[in-house]
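Novice: One structure is given below, represented as structure tokens, and several questions about it will come after.
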Amino acid sequence: MLEKFRFLTAGESHGKCLTAIIDGLPANLEIDIEFINSELKRRQQGYGRGGRMKIESDTVEITSGVRFGKTLGSPLTLVIYNKDFENWSKIMSVNSEDETSEKSFTAYRPGHADYAGSIKYNQKDLRNILERSSARGTAAEVAVGAVAKLLLKHYGITWNSNIIQIGQGKTEEEFHSEIDKAKEAGDTLGGKFEVIFENLPVGLGSHVQWDRKLDGKIAQAVMSIPAVKSVSFGNGQHGYKIPGSEFHDQMYAENGKTIRKTNNAGGVEGGMTNGEPLVVKAVMKPIPTLKTPLNTVDSSDMTETTAHFERSDTCAVEACAVVAEARIACVLANEIMLNNPCDFV
Ligand code: EPS
């Protein structure tokens, strides 16, 4: 189906820059660059991030679609420069005369895109897969999501996210000690988080066609974040444990309004928002680049070896929640624009 708010991103992890083009924004939307930059900063933070975040201080440059602080309705282009590129300019050069085997690697990292990507794209140097499969690309998505959030904010929609669990830890103190322990062991940790959007109108999405169902669209958007392995809505993950009489959110009338006392559906029924908070939960697996390397195969000679290690994070669940906010904001902005009879705000 034809979507309205669409975007594509481009850029390698150690390339010159990340770029995103957004199409389908309304005209006259105020673009607060400081807000976009503050979202980029949130993505860089969180206990357990690695060395790259000490190098970068992500900020955005807008090169099209905005004039005098407001959108024109034309495609909006966002650029984030990689500071680390100055250390990689030869290795990531676009020119054939610079070709080098420096920083090439051939030992697959289990859990990453290296194996399938190298076969699919017929690449001997696994760096040619790593560079685009790296979670660095999520910086561009967070910038796009920040623009989507500005549209949602215009309509009074609010959001937040919480970390539910990291390893065995359920409190912030425990998150930190779990991450410290993993770091010391040269290991990595995943976690579970939730993202909540409130004040959404009833009826975003639709029950009439499978590819218009909002929960399906959001699941795709969140599941495709690097390392996310599970997405659910409300109490959906536990839906097999309790009978329908307890699971479904019963309705009551209060001052001419329909109200609920529970939100096990997570704000979506029949593929549409139902006016309750949208609650999306997701699990991020541990990052697959480990200092204590896993058993693997070297693709150059098919011998058994241990996986390539490259600077990485011990835990990036906090950043992942920020990325999920951004991805969901884009899906919601699209639904708002599909329902919008005009191309301006
Ligand atoms: C990341 C940038 C990357 C990694 C990390 C996330 O930069 P570098 O490879 O230069 O350290 O730190 O990506 C991964 C761990 C991964 O497996 O993709 C970022 O900007 O978030």
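Ordering of the structure tokens sets the chain letters (A, B, ...); residue numbers start at 1 within each chain; ligands are numbered from 1 in the order shown.
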At a cut-off of 6 Å around ligand 1, and using only C-alpha atoms and all ligand atoms, what residues come up? Please write them as a list in words.
Specialist: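 So the residues close to ligand 1 are Gly50, Arg52, Ser134, Ala135, Arg136, Ile287, Thr289, Arg311, Ser312 and Asp313 of chain A.
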Novice: Could you pull the residues within 10 Å of A:Ala319, counting only C-alpha atoms, minus those fewer than 4 positions along the same chain, as JSON, numbers by chain?
Specialist: {"A": [40, 41, 42, 43, 44, 45, 46, 47, 49, 138, 139, 142, 315, 323, 324, 325]}
Novice: Mind dumping the selected residues with N, CA, C and O atoms as a compact mmCIF listing (two decimals), in the first residue's frame?
Specialist:
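See result.txt below for the written result:
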# COMPACT_ATOMS: atom_id res chain seq x y z
N LEU A 40 19.63 12.59 19.40
CA LEU A 40 20.87 11.90 19.01
C LEU A 40 21.76 11.67 20.22
O LEU A 40 22.39 10.62 20.36
N LYS A 41 21.78 12.66 21.10
CA LYS A 41 22.59 12.52 22.32
C LYS A 41 22.04 11.41 23.21
O LYS A 41 22.81 10.60 23.76
N ARG A 42 20.71 11.34 23.33
CA ARG A 42 20.11 10.27 24.15
C ARG A 42 20.54 8.90 23.62
O ARG A 42 20.80 7.98 24.37
N ARG A 43 20.59 8.75 22.28
CA ARG A 43 20.98 7.46 21.68
C ARG A 43 22.41 7.09 22.01
O ARG A 43 22.77 5.92 22.11
N GLN A 44 23.25 8.12 22.21
CA GLN A 44 24.67 7.84 22.49
C GLN A 44 24.92 7.45 23.94
O GLN A 44 26.03 7.01 24.27
N GLN A 45 23.91 7.68 24.79
CA GLN A 45 24.14 7.47 26.21
C GLN A 45 23.72 6.08 26.67
O GLN A 45 23.31 5.26 25.87
N GLY A 46 23.81 5.87 27.99
CA GLY A 46 23.43 4.59 28.57
C GLY A 46 24.65 3.87 29.10
O GLY A 46 25.72 3.92 28.50
N TYR A 47 24.47 3.21 30.23
CA TYR A 47 25.55 2.48 30.88
C TYR A 47 25.93 1.29 30.00
O TYR A 47 25.07 0.55 29.55
N ARG A 49 27.97 1.57 27.12
CA ARG A 49 28.40 1.90 25.76
C ARG A 49 29.92 1.83 25.66
O ARG A 49 30.62 1.98 26.65
N THR A 138 21.68 3.36 13.18
CA THR A 138 20.48 3.78 13.93
C THR A 138 20.53 5.25 14.30
O THR A 138 19.49 5.83 14.64
N ALA A 139 21.72 5.88 14.20
CA ALA A 139 21.78 7.34 14.46
C ALA A 139 20.90 8.07 13.45
O ALA A 139 20.13 8.97 13.81
N VAL A 142 17.28 7.64 14.32
CA VAL A 142 16.85 8.45 15.47
C VAL A 142 16.61 9.90 15.04
O VAL A 142 15.67 10.55 15.50
N CYS A 315 26.69 -3.31 26.52
CA CYS A 315 25.23 -3.33 26.57
C CYS A 315 24.70 -2.03 25.95
O CYS A 315 25.22 -0.96 26.27
N VAL A 323 16.03 4.14 20.02
CA VAL A 323 15.83 3.81 18.60
C VAL A 323 14.39 3.32 18.38
O VAL A 323 13.73 3.70 17.41
N ALA A 324 13.90 2.50 19.31
CA ALA A 324 12.53 1.98 19.18
C ALA A 324 11.51 3.12 19.26
O ALA A 324 10.54 3.14 18.49
N GLU A 325 11.73 4.07 20.16
CA GLU A 325 10.84 5.25 20.20
C GLU A 325 10.79 5.89 18.82
O GLU A 325 9.72 6.26 18.32
Novice: Taking into account only C-alpha atoms, which residue in the set A:Gln250, A:Ser38, A:Ser57, A:Gln209 is nearest to A:Met272?
Specialist: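 For A:Met272, the nearest of the given residues is A:Gln209.
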Novice: Could you give me the residues within stretch 143-205 of chain A that DSSP places in helix (DSSP H, G or I), as a ChimeraX atom specification?
Specialist: /A:143-154,172-184
Novice: Next, write the just-selected residues to a file, as a compact mmCIF listing (two decimals), in the first residue's frame, keeping N, CA, C and O atoms as the atom set.
Specialist:
# COMPACT_ATOMS: atom_id res chain seq x y z
N ALA A 143 17.43 10.38 14.11
CA ALA A 143 17.22 11.76 13.60
C ALA A 143 15.88 11.84 12.86
O ALA A 143 15.11 12.79 13.06
N VAL A 144 15.58 10.83 12.04
CA VAL A 144 14.29 10.80 11.32
C VAL A 144 13.15 10.72 12.34
O VAL A 144 12.15 11.43 12.24
N GLY A 145 13.33 9.85 13.33
CA GLY A 145 12.31 9.69 14.37
C GLY A 145 12.07 10.98 15.14
O GLY A 145 10.94 11.26 15.55
N ALA A 146 13.12 11.77 15.31
CA ALA A 146 12.96 13.04 16.03
C ALA A 146 12.08 13.99 15.21
O ALA A 146 11.24 14.71 15.78
N VAL A 147 12.23 13.96 13.90
CA VAL A 147 11.35 14.79 13.04
C VAL A 147 9.91 14.27 13.14
O VAL A 147 8.96 15.05 13.28
N ALA A 148 9.76 12.95 13.13
CA ALA A 148 8.42 12.36 13.30
C ALA A 148 7.81 12.78 14.64
O ALA A 148 6.61 13.10 14.73
N LYS A 149 8.65 12.79 15.68
CA LYS A 149 8.15 13.19 17.01
C LYS A 149 7.68 14.64 17.02
O LYS A 149 6.73 14.98 17.72
N LEU A 150 8.36 15.50 16.24
CA LEU A 150 7.92 16.91 16.17
C LEU A 150 6.51 16.99 15.59
O LEU A 150 5.70 17.82 16.02
N LEU A 151 6.22 16.11 14.62
CA LEU A 151 4.86 16.08 14.05
C LEU A 151 3.87 15.57 15.10
O LEU A 151 2.79 16.14 15.28
N LEU A 152 4.25 14.51 15.81
CA LEU A 152 3.35 13.94 16.83
C LEU A 152 3.09 14.95 17.95
O LEU A 152 1.97 15.09 18.44
N LYS A 153 4.16 15.67 18.32
CA LYS A 153 4.06 16.69 19.38
C LYS A 153 3.04 17.77 18.97
O LYS A 153 2.26 18.24 19.78
N HIS A 154 3.06 18.12 17.69
CA HIS A 154 2.11 19.11 17.16
C HIS A 154 0.67 18.68 17.43
O HIS A 154 -0.22 19.50 17.61
N GLU A 172 17.90 -0.22 38.60
CA GLU A 172 18.99 0.47 37.91
C GLU A 172 20.35 0.03 38.47
O GLU A 172 21.30 -0.19 37.72
N GLU A 173 20.40 -0.09 39.80
CA GLU A 173 21.64 -0.52 40.43
C GLU A 173 22.07 -1.90 39.93
O GLU A 173 23.24 -2.14 39.61
N GLU A 174 21.07 -2.79 39.83
CA GLU A 174 21.36 -4.15 39.35
C GLU A 174 21.76 -4.14 37.87
O GLU A 174 22.61 -4.92 37.46
N PHE A 175 21.13 -3.24 37.07
CA PHE A 175 21.51 -3.14 35.65
C PHE A 175 23.01 -2.88 35.57
O PHE A 175 23.74 -3.51 34.82
N HIS A 176 23.46 -1.90 36.39
CA HIS A 176 24.87 -1.50 36.32
C HIS A 176 25.80 -2.62 36.77
O HIS A 176 26.82 -2.87 36.14
N SER A 177 25.41 -3.32 37.84
CA SER A 177 26.32 -4.37 38.31
C SER A 177 26.33 -5.55 37.32
O SER A 177 27.37 -6.18 37.10
N GLU A 178 25.20 -5.84 36.69
CA GLU A 178 25.16 -6.89 35.66
C GLU A 178 26.08 -6.52 34.49
O GLU A 178 26.81 -7.36 33.96
N ILE A 179 26.00 -5.25 34.09
CA ILE A 179 26.82 -4.79 32.94
C ILE A 179 28.30 -4.82 33.32
O ILE A 179 29.14 -5.25 32.53
N ASP A 180 28.62 -4.39 34.56
CA ASP A 180 30.03 -4.42 35.02
C ASP A 180 30.57 -5.84 34.97
O ASP A 180 31.69 -6.08 34.52
N LYS A 181 29.74 -6.79 35.45
CA LYS A 181 30.18 -8.20 35.48
C LYS A 181 30.43 -8.71 34.06
O LYS A 181 31.42 -9.38 33.79
N ALA A 182 29.52 -8.37 33.16
CA ALA A 182 29.66 -8.83 31.76
C ALA A 182 30.91 -8.22 31.13
O ALA A 182 31.67 -8.92 30.44
N LYS A 183 31.14 -6.95 31.40
CA LYS A 183 32.30 -6.26 30.83
C LYS A 183 33.60 -6.93 31.28
O LYS A 183 34.50 -7.18 30.49
N GLU A 184 33.64 -7.20 32.58
CA GLU A 184 34.83 -7.84 33.15
C GLU A 184 35.10 -9.20 32.51
O GLU A 184 36.25 -9.59 32.27
Novice: For A:Ile129, please output as a PyMOL selection string all residues within 8 Å (counting only C-alpha atoms; exclusion window: fewer than 3 positions along the same chain).
Specialist: chain A and resi 113-114+117-118+123+125-126+132-133
Novice: Would you put the residues from that selection into a file with N, CA, C and O atoms, as an mmCIF file, in the first residue's frame?
Specialist:
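Output saved as again.cif:
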data_model
loop_
_atom_site.group_PDB
_atom_site.id
_atom_site.type_symbol
_atom_site.label_atom_id
_atom_site.label_comp_id
_atom_site.auth_asym_id
_atom_site.auth_seq_id
_atom_site.Cartn_x
_atom_site.Cartn_y
_atom_site.Cartn_z
ATOM 1 N N ALA A 113 25.536 -10.134 11.037
ATOM 2 C CA ALA A 113 25.115 -10.315 9.640
ATOM 3 C C ALA A 113 26.228 -10.894 8.767
ATOM 4 O O ALA A 113 25.990 -11.191 7.593
ATOM 5 N N ASP A 114 27.437 -11.063 9.347
ATOM 6 C CA ASP A 114 28.617 -11.418 8.548
ATOM 7 C C ASP A 114 28.413 -12.625 7.626
ATOM 8 O O ASP A 114 28.734 -12.562 6.430
ATOM 9 N N GLY A 117 25.252 -12.286 5.117
ATOM 10 C CA GLY A 117 25.480 -11.113 4.265
ATOM 11 C C GLY A 117 26.583 -11.352 3.251
ATOM 12 O O GLY A 117 26.478 -10.942 2.089
ATOM 13 N N SER A 118 27.671 -12.038 3.695
ATOM 14 C CA SER A 118 28.801 -12.246 2.780
ATOM 15 C C SER A 118 28.441 -13.222 1.669
ATOM 16 O O SER A 118 28.909 -13.091 0.537
ATOM 17 N N GLN A 123 30.790 -11.345 -0.871
ATOM 18 C CA GLN A 123 31.897 -10.523 -0.383
ATOM 19 C C GLN A 123 32.883 -11.386 0.394
ATOM 20 O O GLN A 123 32.473 -12.123 1.304
ATOM 21 N N ASP A 125 35.679 -9.965 1.994
ATOM 22 C CA ASP A 125 36.018 -9.148 3.163
ATOM 23 C C ASP A 125 34.732 -8.851 3.943
ATOM 24 O O ASP A 125 33.849 -8.134 3.465
ATOM 25 N N LEU A 126 34.654 -9.428 5.150
ATOM 26 C CA LEU A 126 33.419 -9.282 5.936
ATOM 27 C C LEU A 126 33.176 -7.841 6.374
ATOM 28 O O LEU A 126 32.081 -7.487 6.788
ATOM 29 N N ARG A 132 27.691 -1.755 7.033
ATOM 30 C CA ARG A 132 26.296 -1.313 6.923
ATOM 31 C C ARG A 132 25.407 -2.000 7.959
ATOM 32 O O ARG A 132 24.372 -1.449 8.349
ATOM 33 N N SER A 133 25.797 -3.197 8.413
ATOM 34 C CA SER A 133 24.943 -3.875 9.406
ATOM 35 C C SER A 133 25.180 -3.338 10.815
ATOM 36 O O SER A 133 24.408 -3.621 11.729
#
Novice: Compare A:Asn87, A:Asn274, A:Ser245, A:Asn162 by their minimum atom-to-atom distance to A:Gly205, counting only C-alpha atoms, and give me the closest one.
Specialist: A:Asn274
Novice: Run DSSP on the backbone of this structure and report the residues of stretch 110-280 of chain A it assigns to strand (DSSP E or B), as a ChimeraX atom specification.
Specialist: /A:158-166,169,191-198,205,228-233,251-254,257-260,268-269,272-273,278-280
Novice: Write the residues of the preceding selection, restricted to N, CA and C atoms, as a compact mmCIF listing (two decimals), in the first residue's frame.
Specialist:
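So the final result, stored in again38.txt, reads:
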# COMPACT_ATOMS: atom_id res chain seq x y z
N THR A 158 2.32 12.21 23.28
CA THR A 158 3.51 12.16 24.14
C THR A 158 4.08 10.73 24.15
N TRP A 159 5.31 10.59 24.64
CA TRP A 159 5.97 9.28 24.63
C TRP A 159 6.99 9.18 25.75
N ASN A 160 7.33 7.97 26.09
CA ASN A 160 8.48 7.71 26.97
C ASN A 160 8.87 6.25 26.85
N SER A 161 10.03 5.90 27.44
CA SER A 161 10.43 4.49 27.41
C SER A 161 11.09 4.13 28.74
N ASN A 162 11.04 2.86 29.07
CA ASN A 162 11.64 2.36 30.33
C ASN A 162 12.38 1.06 30.07
N ILE A 163 13.48 0.89 30.82
CA ILE A 163 14.19 -0.39 30.76
C ILE A 163 13.54 -1.29 31.81
N ILE A 164 13.14 -2.49 31.41
CA ILE A 164 12.45 -3.41 32.32
C ILE A 164 13.45 -4.36 32.97
N GLN A 165 14.38 -4.88 32.19
CA GLN A 165 15.33 -5.87 32.73
C GLN A 165 16.60 -5.91 31.88
N ILE A 166 17.75 -6.03 32.57
CA ILE A 166 19.02 -6.27 31.86
C ILE A 166 19.69 -7.46 32.54
N GLY A 169 19.06 -8.39 36.19
CA GLY A 169 18.81 -7.19 36.99
C GLY A 169 17.48 -6.51 36.69
N GLY A 191 18.61 -7.10 26.97
CA GLY A 191 17.64 -6.66 27.97
C GLY A 191 16.26 -6.48 27.36
N LYS A 192 15.34 -6.11 28.26
CA LYS A 192 13.95 -5.92 27.84
C LYS A 192 13.55 -4.48 28.14
N PHE A 193 12.83 -3.85 27.23
CA PHE A 193 12.40 -2.46 27.45
C PHE A 193 10.99 -2.27 26.93
N GLU A 194 10.38 -1.14 27.33
CA GLU A 194 9.05 -0.81 26.79
C GLU A 194 9.03 0.63 26.31
N VAL A 195 8.21 0.86 25.31
CA VAL A 195 8.01 2.22 24.77
C VAL A 195 6.52 2.50 24.84
N ILE A 196 6.17 3.70 25.32
CA ILE A 196 4.76 4.04 25.50
C ILE A 196 4.45 5.36 24.78
N PHE A 197 3.40 5.36 23.98
CA PHE A 197 2.91 6.60 23.36
C PHE A 197 1.51 6.86 23.90
N GLU A 198 1.23 8.12 24.29
CA GLU A 198 -0.08 8.46 24.84
C GLU A 198 -0.75 9.58 24.06
N GLY A 205 -4.33 3.03 11.95
CA GLY A 205 -4.26 1.66 11.46
C GLY A 205 -5.63 1.25 10.95
N VAL A 228 17.23 -6.77 18.03
CA VAL A 228 15.92 -7.02 18.63
C VAL A 228 15.42 -8.39 18.17
N LYS A 229 14.97 -9.20 19.11
CA LYS A 229 14.56 -10.57 18.81
C LYS A 229 13.13 -10.88 19.20
N SER A 230 12.46 -9.94 19.88
CA SER A 230 11.08 -10.20 20.27
C SER A 230 10.36 -8.87 20.46
N VAL A 231 9.13 -8.80 19.98
CA VAL A 231 8.31 -7.58 20.13
C VAL A 231 6.92 -8.02 20.56
N SER A 232 6.34 -7.34 21.55
CA SER A 232 4.97 -7.67 21.95
C SER A 232 4.24 -6.39 22.35
N PHE A 233 2.93 -6.52 22.52
CA PHE A 233 2.09 -5.37 22.86
C PHE A 233 1.42 -5.62 24.20
N MET A 251 -14.93 -2.93 29.34
CA MET A 251 -15.30 -1.53 29.11
C MET A 251 -16.37 -1.08 30.10
N TYR A 252 -16.23 0.17 30.50
CA TYR A 252 -17.18 0.77 31.44
C TYR A 252 -17.53 2.16 30.91
N ALA A 253 -18.74 2.65 31.28
CA ALA A 253 -19.15 3.99 30.83
C ALA A 253 -18.94 4.98 31.96
N GLU A 254 -18.28 6.08 31.65
CA GLU A 254 -18.05 7.11 32.67
C GLU A 254 -18.22 8.48 32.02
N LYS A 257 -18.25 8.55 28.37
CA LYS A 257 -17.06 8.01 27.69
C LYS A 257 -16.89 6.54 28.00
N THR A 258 -16.26 5.81 27.07
CA THR A 258 -15.92 4.41 27.32
C THR A 258 -14.56 4.37 27.99
N ILE A 259 -14.48 3.74 29.14
CA ILE A 259 -13.17 3.65 29.82
C ILE A 259 -12.79 2.18 30.09
N ARG A 260 -11.52 1.97 30.35
CA ARG A 260 -11.01 0.63 30.67
C ARG A 260 -10.26 0.73 32.00
N VAL A 268 -3.91 -1.47 21.31
CA VAL A 268 -4.26 -1.82 19.92
C VAL A 268 -5.25 -2.97 19.92
N GLU A 269 -6.39 -2.76 19.27
CA GLU A 269 -7.37 -3.83 19.07
C GLU A 269 -7.77 -3.82 17.60
N MET A 272 -5.93 -1.44 15.27
CA MET A 272 -6.14 0.01 15.37
C MET A 272 -5.89 0.49 16.79
N THR A 273 -5.45 1.73 16.92
CA THR A 273 -5.35 2.32 18.26
C THR A 273 -6.76 2.39 18.84
N LEU A 278 -0.43 3.28 23.96
CA LEU A 278 0.20 2.27 23.11
C LEU A 278 1.44 1.77 23.86
N VAL A 279 1.45 0.49 24.22
CA VAL A 279 2.57 -0.06 25.01
C VAL A 279 3.26 -1.16 24.21
N VAL A 280 4.48 -0.89 23.78
CA VAL A 280 5.24 -1.86 22.98
C VAL A 280 6.42 -2.34 23.81
Novice: Between A:Phe85, A:Phe105, A:Phe68, A:Tyr121, which is the closest to A:Leu18 once you count only C-alpha atoms?
Specialist: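 Residue with the minimum atom-to-atom distance to A:Leu18: A:Phe85.
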Novice: Using Å and a single decimal, report how far atom CA of A:Leu332 sits from atom CA of A:Asn235.
Specialist: 20.7 Å
Novice: Just give me the gap between atom CA of A:Met92 and atom CA of A:Gly15 in Å, one decimal is fine.
Specialist: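 Between these atoms lies a distance of 5.9 Å.
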Novice: Could you check the closest approach to A:Tyr108 for each of A:Asp343, A:Glu304, A:Asp298, A:Glu335 and tell me which residue wins, using only C-alpha atoms?
Specialist: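 Residue with the minimum atom-to-atom distance to A:Tyr108: A:Asp298.
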Novice: Go ahead and compute the interatomic distance for atom CA of A:Ala307 and atom CA of A:Ser224, in Å to one decimal.
Specialist: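 Interatomic distance here is 23.6 Å.
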Novice: Find the residues around A:Pro110 up to 10 Å (only C-alpha atoms counted), leave out those fewer than 6 positions away in its own chain, and share them as a ChimeraX atom specification.
Specialist: /A:288-290,293-297,306-308
Novice: Go ahead and write the residues just picked, C-alpha atoms, as a PDB file, in the first residue's frame.
Specialist:
ATOM      1  CA  PRO A 288      27.141 -10.359  19.051  1.00  0.00           C
ATOM      2  CA  THR A 289      30.621  -8.774  19.031  1.00  0.00           C
ATOM      3  CA  LEU A 290      32.361 -10.319  22.059  1.00  0.00           C
ATOM      4  CA  PRO A 293      35.212 -14.586  21.179  1.00  0.00           C
ATOM      5  CA  LEU A 294      32.830 -17.346  20.147  1.00  0.00           C
ATOM      6  CA  ASN A 295      33.697 -20.398  18.082  1.00  0.00           C
ATOM      7  CA  THR A 296      33.351 -19.846  14.384  1.00  0.00           C
ATOM      8  CA  VAL A 297      34.725 -20.580  10.918  1.00  0.00           C
ATOM      9  CA  THR A 306      37.395 -17.740  17.058  1.00  0.00           C
ATOM     10  CA  ALA A 307      35.311 -14.774  15.925  1.00  0.00           C
ATOM     11  CA  HIS A 308      36.675 -11.401  14.896  1.00  0.00           C
TER      12      HIS A 308
END
